Structures are given as C-alpha cells and as structure tokens.
Amino acid sequence: MFTSEETGLAVEGGPAARTEPWPTYDKGDVFISPEDEAAVIKAVRSRLYFRYDHRSYEETCTGRFERRLAERFGARHALACSSGTTAISLALLAGGLEPGSPVACPAFTFAATPSAIILAGHTPVLVECDADLHMDVADLKRVLDEGAKAVVVVHMRGFASDMPAICELAGEYGVPVVEDAVPALGARIGDRHLGTFGDFGAFSTQSDKSLNTGEGGFLLTDDPEAYARATVFSGAYEDRMNRHFEGTPPPVDDLAYPIFSFRMDEIRAALADALLDRLPDRLALHHRNYEHVAQCLGEISGITLRTPVAPRAYLGEALVFRLEGASPEQCAWFARALCAEGVDARALGDRGDKNVRSFWNWRFLVGPDADAARAALPRTARYVSEAIDIPLSANLTPRDCDDLVTAVRKVLPALG
Ligand SMILES: Cc1ncc(COP(=O)(O)O)c(C=O)c1O
C-alpha cells in the first residue's frame, strides 16, 4: 500500500515507535507481591485444600474471601467458584428459570457469556449494541417483548452498561438481571460497584482480571434463597450450604438440585484474598492509564472513543475505539500497523481472525454463515467491525501510554 520512505511506518519497514514488548499478562506481567506468595505457601503447607472440610466457614480461606468480597462490594452474599463462566451459569441456575428459557445478552461480549447461558440450559438471544458498544436498551425491550425470561448484561472491556435503565426495564417485565462483570472487577457507576445493580453479579479471577488467580470466579447477590441454591449447585452437598449462613439458613432442600463441582479451592482463595488488599492500587493505575490515553486520543479527529454512561464508569484495562466509516480491511491493516509500531492491537472485525468477541464467529450459536449473522444484527456488526482493541495493563508506565498515542498518531494519516 505504502513504502516506508513515504510513511516511515514500521509496517512498511520503517522504525517502530517502540521496541519493548507491550506489557500484558500473557507475557508474564502479573501483579504479585511477597505477601501474596506467602499467603499461597501458607495455604499449601496447611495441607487443607478443600473448602468444605472439618473446619468452620470462618477458618477457611474461601469463607474469609467470600466475607471480604461481600463487605467490599456492599453485597449481602458472595460465593467463590471455579470461573466467571460458572458464576454466570450459577446465577441463572439459582434464578429458577424454566429449562430452555430465552435469555437476552449483548452481541458484543466474549463467547463465554452466551456459553454460560447454554451451560445453564437456556438459549441466548442476542441484543444489539449502541455506538458506544453498550447493550442497546431499546433493542433489549424488543427482545423482552419477544419473551426473554432473564437478562445477562455485560460490562464489556470494563465499560459499565446503563444499569439503572436496564434494571428499570427488566423490573417492568419482572425478569432477573445477571451482570457479567467479568471484565469490570472493581469498576463503579458513582459509588456503586458494577455487579451489585442486578439480581446477581458474576466475576472472574482468571488471568488479566483485576484479581488474577489463573482461573476462578465469584458471584454476588442480596437474595439469601438464591444464594443458598447457588451454593448447592456449585457443590455444597450434605448440609454444607448451611455453613454459608450465620443464622438459620433459608429453607432450601439441598437434595433437590444437581451439584456441579463449580467450587473454588483453598489455595486459589488464599491468593485471591491476599490480592484483594492491593486491588485499590491496581484500579487506580488502570484509571490513570486510561485517562491519560483517552485524553490524548480524544483530541485526534478520526478516533471515536466510547462515551461512558457516567463519569469514570469504566475499569480502564482496555482501550476500545472506533475508526468510523473504515472498512474491516482498513481496520485490520490499522491494527497490524499498530502492532508493527510495538503496540498490541486487534481489529475486532478482522474477517481473517477467529476473534471470539465478534458474534459472527460464534458458530455454536449463529451457525456457519457469518454474513447472515451480521445481517441479523447490523448495528453491532458495524460498530464491532470498526473497533480497535488494545490491552491497557496496569503495568503500563506513562511512557508506554505516550508510545501508544504516538503510534496512533503515526499510523492514522496513512489510513486515508
Ligand atoms: C465478558 C466475559 N464474560 C465471561 C468470561 C469468562 O470468564 P472465565 O474465563 O473466568 O470463565 C470472560 C473471560 O474473559 C469475559 O471476558
């Protein structure tokens, strides 16, 4: 397309804007302190790895982690589990829907969200996203009118969905709301944590989340009976569910439900609990990085940043912006050019990429015809196709953030 003499772009053979690797978790850049290591070693040396052994709830790492989560997030109950996917499924299972119910979820999310709905025995029904890549509330109404029995809303790439509007609408239809807050652990709207607006909040502690234990997750809810059912489904058998309650447990028959072994183990809980101490530091770094980059990129014409639903209603662990009017091929080239400049970037709509954040690649749900899938959800197809996705690790320094801005400024004019 261009020569390096014309553009100086690294993708055309010119010098890159930066030479160090872009920091992300999969290059080993995880936050771990000596206190975290000591907590894991202590748990390993205890030789007690199962959360439901002879000890009381308070004596277990998992029980302590749950109590602290509930306190920190301002929820009545927390249940640690094996992943974000199982947390979403447990919410839907505990919600008591008829098997095979239609469940609304946004078309811009990670494939795990519709997968979790399927795992719980239901059918995902995709809802369009708006230009900010948030669940479109008007389209959600359409899906509810067509009979959806629950809503799974996603705070995709850390940006809060419009929870007050979604909860109000779901309330009118009498359907439960599950927040997939996996990408937004620690983010808030105002003073209130994402994951505490709906009936359930589902989180992950998988790598690259604000609490990173490799794999893991947790569920928040204020409903004691639903919580009791979720603990049973997660594998609290033979009255072990009772340990989760300080007083009399709710009248839930633990033999009435299947048990799925979606529990969290003690070693992982010890690490997660230790990491919780430093969560505020990490969240502050995410906000610092995002705000720095967004402020600089906001001044560049041709870059459309997402507008948050409220001031600072995002986590800041990822930067997603749109190149409005650019074709999927142009966006794919733009992402390749940024990578060549030393900044990890992906075009979400790259037709040659098996990106599982692009709904037309969810063949398990939409079938093999990607064009037909895009035609069924034209607005989300367009907005996702125009989106560039860049990970903003909390490990980024202000200089790394400047490099990102330099790289975008360098590459953008060549887009034409
Ligand atoms: C939006 C979203 N939901 C759910 C999940 C699943 O979380 P886990 O990998 O812990 O199952 C992910 C994973 O990254 C995600 O991004």
# chains A, B, ... in the order shown; residues from 1 in each chain; ligands from 1
>>> residues_around(residues="range 130-145 of chain A", least_positions_apart="6", cutoff="8 Å", atoms="only C-alpha atoms", output="ChimeraX atom specification")
/A:104,106-108,153-156,159-162,165-166,169,173,305-308,379-380,383-384
>>> residues_around(residues="Pro391 in chain A", least_positions_apart="6", cutoff="8 Å", atoms="only C-alpha atoms", output="list in words")
Thr24, Glu317, Ala318, Leu319, Asp344 and Ala345 of chain A
>>> residues_around(residues="Leu90 in chain A", least_positions_apart="4", cutoff="10 Å", atoms="only C-alpha atoms", output="list in words")
Leu79, Cys81, Gly84, Thr85, Thr86, Ala94, Gly95, Ala116, Ile117, Leu119, Ala120, Phe200, Ala202, Phe218, Leu219, Ala226, Tyr227, Arg229, Ala230, Thr231, Val232, Phe233, Ser234, Phe260 and Phe262 of chain A
>>> residues_near_ligand(ligand="ligand 1", cutoff="8 Å", atoms="only C-alpha atoms and all ligand atoms", output="JSON, numbers by chain")
{"A": [82, 83, 84, 85, 86, 87, 88, 109, 110, 111, 112, 113, 116, 154, 155, 156, 157, 180, 181, 182, 183, 203, 204, 205, 206, 209, 215, 216, 217]}
>>> select_by_dssp(residues="range 174-335 of chain A", states="helix (DSSP H, G or I)", output="number ranges by chain")
A: 182-184, 224-234, 240-244, 266-297, 328-335
>>> residues_around(residues="range 56-70 of chain A", least_positions_apart="2", cutoff="9 Å", atoms="only C-alpha atoms", output="PyMOL selection string")
chain A and resi 43+48+50-54+72-80+218+220-221+243-244+264-274+276
>>> closest_residue(among="A:Ile390, A:Ala310, A:Val408, A:Cys339", to="Glu12 in chain A", atoms="only C-alpha atoms")
A:Cys339
>>> closest_residue(among="A:Ala150, A:Leu415, A:Ala407, A:Ala394", to="Ala332 in chain A", atoms="only C-alpha atoms")
A:Leu415
>>> decode(residues="range 21-159 of chain A", atoms="C-alpha atoms", output="compact mmCIF listing (two decimals), in the first residue's frame")
# COMPACT_ATOMS: atom_id res chain seq x y z
CA PRO A 21 7.15 -5.72 24.19
CA TRP A 22 3.70 -4.35 25.06
CA PRO A 23 3.03 -5.49 28.66
CA THR A 24 0.13 -7.90 29.08
CA TYR A 25 -0.46 -10.79 31.47
CA ASP A 26 0.38 -13.43 28.89
CA LYS A 27 3.91 -12.09 28.71
CA GLY A 28 4.25 -12.78 32.43
CA ASP A 29 3.45 -9.26 33.67
CA VAL A 30 1.31 -10.23 36.63
CA PHE A 31 0.96 -8.30 39.87
CA ILE A 32 2.28 -10.43 42.70
CA SER A 33 3.73 -9.26 46.00
CA PRO A 34 5.71 -11.17 48.67
CA GLU A 35 2.52 -11.09 50.81
CA ASP A 36 0.59 -12.86 48.05
CA GLU A 37 3.30 -15.52 47.70
CA ALA A 38 3.36 -16.05 51.47
CA ALA A 39 -0.43 -16.49 51.56
CA VAL A 40 -0.26 -19.23 48.90
CA ILE A 41 2.63 -21.02 50.60
CA LYS A 42 0.73 -20.95 53.90
CA ALA A 43 -2.31 -22.50 52.20
CA VAL A 44 -0.19 -25.16 50.53
CA ARG A 45 1.54 -26.02 53.81
CA SER A 46 -1.80 -26.31 55.62
CA ARG A 47 -2.49 -29.47 53.57
CA LEU A 48 -6.17 -28.42 53.63
CA TYR A 49 -7.20 -27.72 50.05
CA PHE A 50 -10.94 -28.44 50.11
CA ARG A 51 -13.19 -25.64 51.31
CA TYR A 52 -15.75 -27.92 52.94
CA ASP A 53 -13.53 -29.99 55.26
CA HIS A 54 -13.83 -30.24 59.07
CA ARG A 55 -13.12 -26.50 59.62
CA SER A 56 -15.71 -23.84 60.25
CA TYR A 57 -16.60 -21.39 57.47
CA GLU A 58 -14.55 -18.59 59.11
CA GLU A 59 -11.46 -20.79 59.35
CA THR A 60 -11.31 -21.45 55.60
CA CYS A 61 -9.59 -19.16 53.08
CA THR A 62 -12.63 -19.45 50.83
CA GLY A 63 -15.04 -18.43 53.59
CA ARG A 64 -12.88 -15.45 54.57
CA PHE A 65 -12.55 -14.40 50.93
CA GLU A 66 -16.32 -14.53 50.50
CA ARG A 67 -16.96 -12.46 53.63
CA ARG A 68 -14.47 -9.83 52.50
CA LEU A 69 -15.92 -9.72 48.99
CA ALA A 70 -19.43 -9.16 50.33
CA GLU A 71 -18.16 -6.38 52.58
CA ARG A 72 -16.05 -4.69 49.91
CA PHE A 73 -18.72 -4.77 47.21
CA GLY A 74 -21.59 -3.97 49.55
CA ALA A 75 -23.47 -7.19 48.73
CA ARG A 76 -25.23 -9.45 51.20
CA HIS A 77 -23.69 -12.68 49.92
CA ALA A 78 -20.66 -13.81 47.92
CA LEU A 79 -19.90 -17.27 46.55
CA ALA A 80 -16.41 -18.12 45.31
CA CYS A 81 -16.43 -20.51 42.35
CA SER A 82 -14.33 -22.00 39.59
CA SER A 83 -14.67 -19.33 36.86
CA GLY A 84 -16.57 -16.34 35.56
CA THR A 85 -18.44 -18.66 33.20
CA THR A 86 -19.64 -20.87 36.05
CA ALA A 87 -20.54 -17.77 38.10
CA ILE A 88 -22.92 -16.64 35.30
CA SER A 89 -24.35 -20.16 34.98
CA LEU A 90 -24.82 -20.46 38.75
CA ALA A 91 -26.74 -17.17 38.75
CA LEU A 92 -29.07 -18.43 36.04
CA LEU A 93 -29.47 -21.83 37.72
CA ALA A 94 -30.22 -20.20 41.07
CA GLY A 95 -32.66 -17.81 39.37
CA GLY A 96 -35.01 -20.74 38.85
CA LEU A 97 -35.94 -20.22 35.17
CA GLU A 98 -37.75 -22.93 33.23
CA PRO A 99 -35.19 -25.09 31.38
CA GLY A 100 -34.63 -23.86 27.82
CA SER A 101 -35.71 -20.26 28.52
CA PRO A 102 -34.66 -17.49 26.14
CA VAL A 103 -32.10 -15.24 27.87
CA ALA A 104 -31.07 -11.84 26.49
CA CYS A 105 -27.38 -11.00 26.18
CA PRO A 106 -25.49 -8.34 24.22
CA ALA A 107 -24.00 -9.20 20.84
CA PHE A 108 -20.72 -7.56 21.86
CA THR A 109 -19.19 -9.78 24.52
CA PHE A 110 -16.73 -12.64 24.93
CA ALA A 111 -18.06 -16.01 23.75
CA ALA A 112 -18.12 -17.16 27.38
CA THR A 113 -21.31 -15.13 28.04
CA PRO A 114 -23.61 -16.98 25.62
CA SER A 115 -21.71 -20.18 26.51
CA ALA A 116 -22.62 -19.73 30.19
CA ILE A 117 -26.29 -19.28 29.23
CA ILE A 118 -26.13 -22.55 27.26
CA LEU A 119 -24.32 -24.27 30.16
CA ALA A 120 -27.23 -23.30 32.43
CA GLY A 121 -29.64 -24.96 29.97
CA HIS A 122 -31.03 -21.84 28.31
CA THR A 123 -30.98 -20.18 24.89
CA PRO A 124 -29.05 -16.93 24.34
CA VAL A 125 -30.93 -14.24 22.41
CA LEU A 126 -28.60 -11.52 21.13
CA VAL A 127 -29.32 -7.83 21.70
CA GLU A 128 -27.88 -5.05 19.55
CA CYS A 129 -25.23 -2.68 20.93
CA ASP A 130 -25.20 1.08 20.51
CA ALA A 131 -22.38 3.17 19.03
CA ASP A 132 -20.57 3.09 22.39
CA LEU A 133 -20.72 -0.72 22.31
CA HIS A 134 -23.09 -0.82 25.29
CA MET A 135 -26.19 -3.02 25.32
CA ASP A 136 -28.89 -1.07 23.46
CA VAL A 137 -31.76 -0.61 25.89
CA ALA A 138 -34.38 -0.08 23.15
CA ASP A 139 -33.35 -3.35 21.47
CA LEU A 140 -33.42 -5.10 24.84
CA LYS A 141 -37.08 -4.06 25.07
CA ARG A 142 -37.70 -5.76 21.71
CA VAL A 143 -36.12 -8.99 22.99
CA LEU A 144 -38.12 -8.82 26.23
CA ASP A 145 -41.30 -8.24 24.21
CA GLU A 146 -40.43 -11.40 22.28
CA GLY A 147 -40.32 -13.38 25.55
CA ALA A 148 -36.82 -13.29 27.08
CA LYS A 149 -37.05 -14.56 30.66
CA ALA A 150 -33.79 -13.08 32.02
CA VAL A 151 -31.14 -10.53 31.04
CA VAL A 152 -27.41 -11.07 31.15
CA VAL A 153 -25.83 -7.66 30.75
CA VAL A 154 -22.08 -7.34 30.13
CA HIS A 155 -19.70 -4.54 31.12
CA MET A 156 -17.61 -5.32 28.10
CA ARG A 157 -13.99 -4.24 28.11
CA GLY A 158 -14.60 -2.70 31.52
CA PHE A 159 -17.20 -0.12 30.42
